[in-house]
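Coordinates as given in coords-v1.csv (CSV, C-alpha atoms):
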chain,number,residue,atom,x,y,z
A,1,MET,CA,63.2,60.7,65.0
A,2,SER,CA,63.5,57.8,62.5
A,3,ALA,CA,65.6,58.1,59.3
A,4,THR,CA,63.7,58.6,56.1
A,5,THR,CA,64.5,58.2,52.5
A,6,ALA,CA,64.5,61.1,50.0
A,7,GLY,CA,60.9,60.2,49.1
A,8,GLY,CA,59.7,60.5,52.7
A,9,MET,CA,59.4,56.8,53.5
A,10,PRO,CA,60.8,55.5,56.7
A,11,ARG,CA,64.0,53.5,56.0
A,12,HIS,CA,63.0,50.5,58.1
A,13,ALA,CA,59.8,50.1,56.1
A,14,LEU,CA,61.8,50.2,52.8
A,15,VAL,CA,64.3,47.6,54.1
A,16,GLY,CA,61.4,45.4,55.3
A,17,ALA,CA,59.7,45.6,51.9
A,18,LEU,CA,63.0,44.7,50.2
A,19,MET,CA,63.6,41.8,52.5
A,20,LEU,CA,60.0,40.5,51.8
A,21,VAL,CA,60.6,40.7,48.0
A,22,VAL,CA,64.0,39.0,48.3
A,23,GLY,CA,62.5,36.3,50.6
A,24,ALA,CA,59.7,35.6,48.1
A,25,ILE,CA,62.2,35.3,45.2
A,26,LEU,CA,64.4,32.9,47.3
A,27,LEU,CA,61.4,30.7,48.2
A,28,ALA,CA,60.3,30.6,44.6
A,29,ALA,CA,63.8,29.6,43.5
A,30,PHE,CA,64.0,26.9,46.2
A,31,GLY,CA,60.6,25.5,45.2
A,32,ARG,CA,61.7,25.3,41.5
A,33,SER,CA,65.0,23.6,42.5
A,34,LEU,CA,63.0,20.8,44.1
A,35,GLY,CA,61.6,20.0,40.8
A,36,THR,CA,58.2,18.6,40.2
A,37,GLU,CA,57.6,15.4,38.3
A,38,PRO,CA,54.7,15.3,35.8
A,39,PRO,CA,51.9,13.0,36.9
A,40,ALA,CA,52.9,9.4,36.4
A,41,ALA,CA,51.0,7.5,33.8
A,42,PRO,CA,48.7,4.8,35.3
A,43,VAL,CA,50.4,1.5,35.8
A,44,ALA,CA,48.8,-1.5,34.2
A,45,VAL,CA,47.3,-4.2,36.5
A,46,VAL,CA,48.8,-7.6,36.0
A,47,ALA,CA,46.1,-9.4,37.9
A,48,SER,CA,43.7,-9.0,40.9
A,49,TYR,CA,42.3,-11.6,43.2
A,50,ASP,CA,39.4,-11.3,45.6
A,51,VAL,CA,40.6,-12.8,48.8
A,52,ARG,CA,39.0,-13.5,52.2
A,53,PHE,CA,41.0,-13.9,55.3
A,54,ILE,CA,39.6,-16.3,57.9
A,55,ASP,CA,40.7,-16.5,61.5
A,56,GLN,CA,42.0,-19.9,62.5
A,57,PRO,CA,41.8,-21.4,66.0
A,58,ASP,CA,45.6,-21.2,66.4
A,59,GLY,CA,45.6,-17.4,65.6
A,60,SER,CA,46.8,-17.7,62.1
A,61,LEU,CA,44.8,-16.3,59.1
A,62,ALA,CA,43.8,-18.6,56.2
A,63,ALA,CA,43.6,-16.8,52.8
A,64,VAL,CA,41.1,-18.1,50.4
A,65,LEU,CA,39.8,-16.9,47.1
A,66,ALA,CA,36.2,-15.5,47.0
A,67,ASP,CA,35.2,-18.9,45.5
A,68,GLY,CA,36.7,-20.8,48.4
A,69,ARG,CA,39.9,-22.1,46.9
A,70,PRO,CA,42.7,-22.0,49.5
A,71,LEU,CA,45.7,-19.7,48.9
A,72,GLY,CA,47.7,-20.4,52.0
A,73,THR,CA,48.0,-19.5,55.7
A,74,LEU,CA,49.6,-16.5,57.4
A,75,SER,CA,51.2,-17.6,60.6
A,76,VAL,CA,50.5,-15.7,63.8
A,77,ALA,CA,53.9,-14.0,63.3
A,78,GLU,CA,53.1,-13.1,59.7
A,79,SER,CA,49.5,-12.0,60.2
A,80,GLY,CA,50.0,-8.9,62.4
A,81,PHE,CA,50.3,-6.4,59.5
A,82,THR,CA,47.4,-7.9,57.6
A,83,ARG,CA,45.2,-7.9,60.7
A,84,GLY,CA,46.0,-4.2,61.3
A,85,MET,CA,45.0,-3.4,57.7
A,86,MET,CA,41.8,-5.4,58.0
A,87,ARG,CA,40.9,-3.5,61.2
A,88,GLY,CA,41.2,-0.3,59.3
A,89,PHE,CA,39.1,-1.6,56.5
A,90,ALA,CA,36.5,-3.0,59.0
A,91,ARG,CA,35.9,0.5,60.4
A,92,GLY,CA,35.1,1.8,56.9
A,93,ARG,CA,33.0,-1.2,56.2
A,94,ARG,CA,30.9,-0.7,59.3
A,95,GLN,CA,30.3,2.9,58.3
A,96,VAL,CA,29.0,2.1,54.9
A,97,GLY,CA,27.2,-1.2,55.7
A,98,ILE,CA,29.5,-3.7,53.9
A,99,ALA,CA,29.5,-7.2,55.3
A,100,ALA,CA,32.5,-8.0,57.4
A,101,ASP,CA,33.3,-11.2,55.5
A,102,ALA,CA,33.2,-9.6,52.0
A,103,PRO,CA,36.5,-10.3,50.1
A,104,TYR,CA,39.3,-7.8,49.8
A,105,ARG,CA,41.1,-7.3,46.4
A,106,LEU,CA,44.8,-8.0,46.2
A,107,THR,CA,46.3,-6.5,43.0
A,108,ARG,CA,49.7,-6.7,41.5
A,109,LEU,CA,50.7,-3.8,39.2
A,110,ALA,CA,53.1,-4.1,36.2
A,111,ASP,CA,55.8,-2.2,38.1
A,112,GLY,CA,55.8,-4.9,40.8
A,113,ARG,CA,53.9,-3.1,43.5
A,114,PHE,CA,51.1,-4.8,45.4
A,115,ILE,CA,47.9,-3.1,46.5
A,116,MET,CA,45.2,-4.3,48.9
A,117,GLU,CA,41.9,-2.6,48.6
A,118,ASP,CA,38.3,-2.9,49.7
A,119,PRO,CA,36.2,-3.0,46.6
A,120,GLY,CA,33.1,-1.7,48.4
A,121,GLN,CA,34.8,1.5,49.5
A,122,THR,CA,37.6,3.7,48.3
A,123,MET,CA,40.2,2.5,50.8
A,124,ARG,CA,43.4,1.1,49.3
A,125,VAL,CA,46.9,0.4,50.7
A,126,GLU,CA,50.1,0.2,48.7
A,127,LEU,CA,51.8,-2.6,50.5
A,128,ASP,CA,55.4,-1.7,49.6
A,129,VAL,CA,55.3,1.5,51.5
A,130,PHE,CA,55.1,-0.5,54.7
A,131,GLY,CA,58.2,-2.4,54.0
A,132,SER,CA,59.3,-5.2,51.8
A,133,ALA,CA,58.7,-7.9,54.4
A,134,ASN,CA,55.0,-7.0,54.7
A,135,ALA,CA,54.6,-6.8,50.9
A,136,ALA,CA,56.4,-10.1,50.5
A,137,ILE,CA,53.9,-11.9,52.8
A,138,LEU,CA,50.9,-10.8,50.8
A,139,ALA,CA,52.9,-11.2,47.5
A,140,ARG,CA,53.1,-14.9,48.4
A,141,ILE,CA,49.3,-15.0,48.7
A,142,TRP,CA,49.0,-13.3,45.3
A,143,ARG,CA,51.4,-15.7,43.7
A,144,ALA,CA,49.2,-18.6,45.1
A,145,GLY,CA,46.2,-17.1,43.3
A,146,ASP,CA,48.3,-16.7,40.1
A,147,ALA,CA,49.3,-20.4,40.3
A,148,LEU,CA,45.7,-21.4,40.7
A,149,ASP,CA,44.7,-19.3,37.6
A,150,ALA,CA,47.6,-20.9,35.6
A,151,ARG,CA,46.2,-24.4,36.4
A,152,SER,CA,42.6,-23.4,35.6
A,153,PRO,CA,41.4,-24.5,32.2
A,154,GLY,CA,40.7,-21.8,29.6
Let me see the structure of the file written as structure tokens.
Amino acid sequence: MSATTAGGMPRHALVGALMLVVGAILLAAFGRSLGTEPPAAPVAVVASYDVRFIDQPDGSLAAVLADGRPLGTLSVAESGFTRGMMRGFARGRRQVGIAADAPYRLTRLADGRFIMEDPGQTMRVELDVFGSANAAILARIWRAGDALDARSPG
């Protein structure tokens, strides 16, 4: 026969319910201790450039503005990350019927982050999350666009 409390409830059911309540309180306290940040305010865009990447016979990628002005070349060693990103974008482009040679948008935010996105779809990649070396390669392309803008009249 199992032990019961004075109210006629089995003791193990009462202990189980107490453990459940204590566990819920501990989980809530742990969740609060992690803290939650309020949503960050949108970060201003410094500039964006619509860029095409063109395969070269030696395996490198030439980066050009949408209007055809050259921005630079990513060597075979540098282009692996960019090619991988473009493959991911290409899948989405095929699904929604966007031309494969449509330009990508390379954006620099006021906080220094760089974003590569496909304007025809909702895909975007924050480059810094894949390491500073990958971000630096595309930052060089962005800076070339910035330099061209600085030399443009008006």
(request) Using only C-alpha atoms, determine which residues lie at most 12 Å from Ala77 in chain A, disregarding the query and same-chain residues fewer than 5 positions distant; provide the list as a ChimeraX atom specification. (result) /A:58-61,82-83,133-134,137
(request) For CA of Gly68 in chain A and CA of Leu109 in chain A, determine how far apart the two atoms are, in Å to one decimal place. (result) 23.9 Å
(message) Taking only C-alpha atoms into account, name the residue in A:Phe130, A:Ala102, A:Ala63, A:Asp50 that is nearest to Gly84 in chain A.
(response)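 Smallest separation from Gly84 in chain A among the options: A:Phe130.
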Contacts between range 144-149 of chain A and range 43-104 of chain A, please, where a residue of range 43-104 of chain A counts if it comes within 9 Å (with only C-alpha atoms); show its shortest atom pair and distance in Å to one decimal, rows by chain and ascending number, as CSV.
residue,atom,partner,partner_atom,distance
A:Ala47,CA,A:Asp146,CA,7.9
A:Ser48,CA,A:Gly145,CA,8.8
A:Tyr49,CA,A:Gly145,CA,6.7
A:Val51,CA,A:Gly145,CA,8.9
A:Val64,CA,A:Gly145,CA,8.8
A:Leu65,CA,A:Gly145,CA,7.4
A:Arg69,CA,A:Leu148,CA,8.5
A:Pro70,CA,A:Ala144,CA,8.6
A:Leu71,CA,A:Ala144,CA,5.3
A:Gly72,CA,A:Ala144,CA,7.3
What does the file look like for those residues with C-alpha atoms, as an mmCIF file, keeping the file's coordinate frame?
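Result went into again_20.cif, see below:
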data_model
loop_
_atom_site.group_PDB
_atom_site.id
_atom_site.type_symbol
_atom_site.label_atom_id
_atom_site.label_comp_id
_atom_site.auth_asym_id
_atom_site.auth_seq_id
_atom_site.Cartn_x
_atom_site.Cartn_y
_atom_site.Cartn_z
ATOM 1 C CA ALA A 47 46.100 -9.400 37.900
ATOM 2 C CA SER A 48 43.700 -9.000 40.900
ATOM 3 C CA TYR A 49 42.300 -11.600 43.200
ATOM 4 C CA VAL A 51 40.600 -12.800 48.800
ATOM 5 C CA VAL A 64 41.100 -18.100 50.400
ATOM 6 C CA LEU A 65 39.800 -16.900 47.100
ATOM 7 C CA ARG A 69 39.900 -22.100 46.900
ATOM 8 C CA PRO A 70 42.700 -22.000 49.500
ATOM 9 C CA LEU A 71 45.700 -19.700 48.900
ATOM 10 C CA GLY A 72 47.700 -20.400 52.000
#
(request) May I ask which of the residues A:Gly120, A:Pro103, A:Gly112, A:Gly131 is the closest one to Val43 in chain A, counting only C-alpha atoms? (result)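 Ranking A:Gly120, A:Pro103, A:Gly112, A:Gly131 by distance to Val43 in chain A, first place goes to A:Gly112.
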(request) Mind giving me the straight-line distance from CA of Gln95 in chain A to CA of Pro57 in chain A in Å, one decimal? (result)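 Going from CA of Gln95 in chain A over to CA of Pro57 in chain A covers 28.0 Å.
When CA of Asp118 in chain A is paired with CA of Tyr104 in chain A, their separation reads 5.0 Å.
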